[in-house]
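To start, the structure itself, in C-alpha cells.
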Amino acid sequence: MNFDQLSSLRPDLAFIAHWVRGESQVLDLGCGDGVMLDYLQSDKQCAGYGVEIDDAKIPVCVARGVSVIQQDMEAGLTLFADNAFDTVLCLSALQMMKNVEGVLRDIARVGREAIVSFPNFAYWPHRVALLRGRMPVSKSLPYEWYDTPNLRCATIKDFEELANEVGLEVLECVALHDGRPISVLPNWRGSLAVFRFRKK
C-alpha cells in the first residue's frame with residue numbers, strides 16, 4: 001500500500017503516519033483491518049504487530065501480511081517488554097476502553113513514544129447536538145447512543161490533563177478534520193484529537 005492509497009482510504013491515518021519513523025518497530029493497538037501497519041510495512045519498512053479483538057478483522061489483517069495478535073488490550077500488554085517498540089499506536093480505540101489510565105500507562109511502558117487519537121467531544125457539531133438535547137452523531141462519532149462501542153467521551157483539554165496526571169510528556173497535539181490539521185480554535189473545529197507522547 002502506498003501513501004496515496006492510505007490517504008484515500010483514511011486521511012487521518014495518512015497524517016498520523018508522518019510521525020512514525022521509517023524502519024521502526026511499531027505496535028498498533030486496536031489495529032482493525034491492519035491498513036495502517038500494511039502501509040508502514042510496505043512504504044516505510046517498519047516492522048511490528050497489531051493487536052485486535054474483533055474476530056472478523058483478524059483474517060483481513062493476515063491477508064494484508066500484518067502480524068496480528070488477537071487479544072483484549074485492556075488485559076494488559078505483558079507479552080511485551082519495557083521499551084520493546086519505537087512507537088505504539090492506539091488510533092480511535094482509546095474511547096472504547098474502561099480503564100483508560102491503565103492502558104495509557106501500559107502504552108508508555110512498552111513504547112519509547114506513542115500516538116493516540118480519539119473523537120473530540122468538544123467539536124462544534126457535537127456541542128450543538130447537546131444544546132438541542134441530543135447525543136452527537138457525526139463522522140467521528142457515527143453511532144447512536146444505544147449502540148455505541150464508545151465508553152468514554154473526551155476533549156483535547158481533558159486528555160492533556162490526564163496525560164499530566166499519568167506522567168506523560170506530550171510532544172505534539174493536533175486536531176484534525178477530514179485528515180487536515182486545524183490550527184485556529186482546534187478544540188472547537190477539530191473532530192479528531194491526535195497526541196504524540198512519551199513517559200516523562
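How things are named: the first chain in the C-alpha cells is A, the next is B, and so on; residues count from 1 in each chain; ligands count from 1 in the order shown.
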Practice item. Give the alpha helix (DSSP H) residues of segment 54-156 of chain A, as DSSP finds them on the backbone, and put them as a list of chain:residue names. Key: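 Filtering segment 54-156 of chain A to alpha helix (DSSP H) leaves A:Lys57, A:Ile58, A:Pro59, A:Val60, A:Cys61, A:Val62, A:Ala63, A:Arg64, A:Val100, A:Glu101, A:Gly102, A:Val103, A:Leu104, A:Arg105, A:Asp106, A:Ile107, A:Ala108, A:Arg109, A:Val110, A:Trp124, A:Pro125, A:His126, A:Arg127, A:Val128, A:Ala129, A:Leu130, A:Leu131, A:Ile156.
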Find the residues of segment 111-178 of chain A that sit at most 7 Å from segment 85-91 of chain A; for each, write down the nearest two atoms and how far apart they are in Å, to one decimal. Count only C-alpha atoms. Sort by chain, then by number going up, and give it as a tab-separated table.
```
residue	atom	partner	partner_atom	distance
A:Gly111	CA	A:Phe85	CA	4.7
A:Arg112	CA	A:Asp86	CA	5.1
A:Glu113	CA	A:Thr87	CA	4.9
A:Ala114	CA	A:Val88	CA	4.5
A:Ile115	CA	A:Leu89	CA	5.0
A:Val116	CA	A:Cys90	CA	4.7
A:Ser117	CA	A:Leu91	CA	4.7
A:Phe118	CA	A:Leu91	CA	6.7
```
Which residues of segment 30-110 of chain A have any atom within 12 Å of an atom in segment 155-172 of chain A when counting only C-alpha atoms, and what is the closest pair of atoms for each, with the distance in Å to one decimal? Order the rows by chain and rising number and write it as JSON lines.
```
{"residue": "A:Leu94", "atom": "CA", "partner": "A:Phe159", "partner_atom": "CA", "distance": 10.8}
{"residue": "A:Gln95", "atom": "CA", "partner": "A:Thr155", "partner_atom": "CA", "distance": 10.8}
{"residue": "A:Val100", "atom": "CA", "partner": "A:Leu162", "partner_atom": "CA", "distance": 9.4}
{"residue": "A:Glu101", "atom": "CA", "partner": "A:Val166", "partner_atom": "CA", "distance": 6.9}
{"residue": "A:Gly102", "atom": "CA", "partner": "A:Val166", "partner_atom": "CA", "distance": 9.0}
{"residue": "A:Val103", "atom": "CA", "partner": "A:Val166", "partner_atom": "CA", "distance": 10.5}
{"residue": "A:Leu104", "atom": "CA", "partner": "A:Val166", "partner_atom": "CA", "distance": 7.7}
{"residue": "A:Arg105", "atom": "CA", "partner": "A:Val166", "partner_atom": "CA", "distance": 7.0}
{"residue": "A:Asp106", "atom": "CA", "partner": "A:Val166", "partner_atom": "CA", "distance": 10.8}
{"residue": "A:Ile107", "atom": "CA", "partner": "A:Leu168", "partner_atom": "CA", "distance": 10.5}
{"residue": "A:Ala108", "atom": "CA", "partner": "A:Leu168", "partner_atom": "CA", "distance": 7.7}
{"residue": "A:Arg109", "atom": "CA", "partner": "A:Leu168", "partner_atom": "CA", "distance": 10.6}
```
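Remark: for Asp12 of chain A, the closest of the candidate residues A:Pro125, A:Gly65, A:Pro119, A:Pro142 is A:Pro119 (distances computed over only C-alpha atoms).
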Exercise for review: Just the strand (DSSP E) stuff from segment 22-191 of chain A, please, per backbone DSSP, written as JSON, numbers by chain.
Suggested key: {"A": [25, 26, 27, 28, 29, 47, 48, 49, 50, 51, 52, 68, 69, 70, 85, 86, 87, 88, 89, 90, 91, 111, 112, 113, 114, 115, 116, 117, 118, 119, 168, 169, 170, 171, 172, 173, 174, 175, 176, 177, 180, 181, 182]}
Practice item. Kindly give the distance, in Å, that separates atom CA of Gly50 of chain A and atom CA of Ser140 of chain A, rounded to a single decimal. Key: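 Those two atoms sit 22.1 Å apart.
Between Ile58 of chain A and the candidates A:Asn187, A:His126, A:Lys139, A:Val35, the tightest atom-to-atom separation, counting only C-alpha atoms, involves A:Val35.
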Point to revise | Nearest residue to Asp38 of chain A from the set A:Ser138, A:Asn2, A:Gln70, A:Ser92 (distances using only C-alpha atoms) | key: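 Residue with the minimum atom-to-atom distance to Asp38 of chain A: A:Asn2.
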Find the residues around Glu74 of chain A up to 9 Å (only C-alpha atoms counted), leave out those fewer than 2 positions away in its own chain, and share them as a PDB file with N, CA, C and O atoms, in the first residue's frame.
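The file below, out.pdb, is the result:
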```
ATOM      1  N   GLN A  71      -6.264 -10.246  21.021  1.00  0.00           N
ATOM      2  CA  GLN A  71      -6.245 -10.043  22.462  1.00  0.00           C
ATOM      3  C   GLN A  71      -6.964  -8.756  22.822  1.00  0.00           C
ATOM      4  O   GLN A  71      -6.983  -7.808  22.046  1.00  0.00           O
ATOM      5  N   ASP A  72      -7.534  -8.750  24.003  1.00  0.00           N
ATOM      6  CA  ASP A  72      -8.117  -7.538  24.568  1.00  0.00           C
ATOM      7  C   ASP A  72      -6.980  -6.737  25.187  1.00  0.00           C
ATOM      8  O   ASP A  72      -6.334  -7.201  26.122  1.00  0.00           O
ATOM      9  N   GLY A  76      -3.943  -6.136  29.358  1.00  0.00           N
ATOM     10  CA  GLY A  76      -2.543  -5.792  29.596  1.00  0.00           C
ATOM     11  C   GLY A  76      -1.648  -6.188  28.439  1.00  0.00           C
ATOM     12  O   GLY A  76      -2.027  -6.975  27.576  1.00  0.00           O
ATOM     13  N   LEU A  77      -0.475  -5.618  28.439  1.00  0.00           N
ATOM     14  CA  LEU A  77       0.500  -5.858  27.374  1.00  0.00           C
ATOM     15  C   LEU A  77       1.706  -6.610  27.935  1.00  0.00           C
ATOM     16  O   LEU A  77       2.848  -6.317  27.605  1.00  0.00           O
ATOM     17  N   MET A  97     -12.113   2.044  25.811  1.00  0.00           N
ATOM     18  CA  MET A  97     -11.508   1.383  26.964  1.00  0.00           C
ATOM     19  C   MET A  97     -12.222   1.744  28.264  1.00  0.00           C
ATOM     20  O   MET A  97     -12.623   2.886  28.464  1.00  0.00           O
ATOM     21  N   LYS A  98     -12.336   0.761  29.169  1.00  0.00           N
ATOM     22  CA  LYS A  98     -12.871   1.032  30.501  1.00  0.00           C
ATOM     23  C   LYS A  98     -11.815   1.714  31.361  1.00  0.00           C
ATOM     24  O   LYS A  98     -12.097   2.669  32.062  1.00  0.00           O
ATOM     25  N   ASN A  99     -10.587   1.190  31.314  1.00  0.00           N
ATOM     26  CA  ASN A  99      -9.507   1.695  32.153  1.00  0.00           C
ATOM     27  C   ASN A  99      -8.504   2.466  31.296  1.00  0.00           C
ATOM     28  O   ASN A  99      -7.423   1.970  30.982  1.00  0.00           O
ATOM     29  N   VAL A 100      -8.871   3.659  30.920  1.00  0.00           N
ATOM     30  CA  VAL A 100      -8.025   4.470  30.034  1.00  0.00           C
ATOM     31  C   VAL A 100      -6.660   4.733  30.683  1.00  0.00           C
ATOM     32  O   VAL A 100      -5.624   4.631  30.024  1.00  0.00           O
ATOM     33  N   GLY A 102      -4.969   2.965  32.894  1.00  0.00           N
ATOM     34  CA  GLY A 102      -4.135   1.761  32.874  1.00  0.00           C
ATOM     35  C   GLY A 102      -3.583   1.467  31.493  1.00  0.00           C
ATOM     36  O   GLY A 102      -2.411   1.094  31.345  1.00  0.00           O
ATOM     37  N   VAL A 103      -4.419   1.626  30.463  1.00  0.00           N
ATOM     38  CA  VAL A 103      -3.985   1.406  29.085  1.00  0.00           C
ATOM     39  C   VAL A 103      -2.875   2.393  28.711  1.00  0.00           C
ATOM     40  O   VAL A 103      -1.858   2.017  28.115  1.00  0.00           O
TER      41      VAL A 103
END
```
**Study point:** Top pick for closest residue to Leu192 of chain A, considering A:Gly30, A:Pro59, A:Gly22, A:Pro11 and counting only C-alpha atoms
**Key:**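 Closest to Leu192 of chain A of all the choices is A:Pro11.
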**Study point:** Residue nearest Arg127 of chain A - candidates A:Ala14, A:Trp188, A:Tyr39, A:Lys199, atoms counted: only C-alpha atoms
**Key:** A:Trp188
Point to revise | Nearest to His177 of chain A, chosen from A:Tyr123, A:Ala17, A:Gly48, A:Pro149, with only C-alpha atoms counted in the distances | key: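 Under the stated criterion, the closest residue is A:Tyr123.
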Exercise for review: Would you list the contacts of Asp33 of chain A as a count of residues only, taking every protein, DNA or RNA residue within 10 Å and counting only C-alpha atoms, but skipping same-chain residues closer than 4 positions in sequence?
Suggested key: 16
Practice item. Rounded to one decimal place, report the atom CA of Asp28 of chain A-atom CA of Ala154 of chain A distance in Å. Key: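 Atom CA of Ala154 of chain A lies 21.1 Å from atom CA of Asp28 of chain A.
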Point to revise | Spatial neighbours of Met135 of chain A, max dist 12 Å, only C-alpha atoms, sep filter under 4 positions, as a count of residues only | key: 16
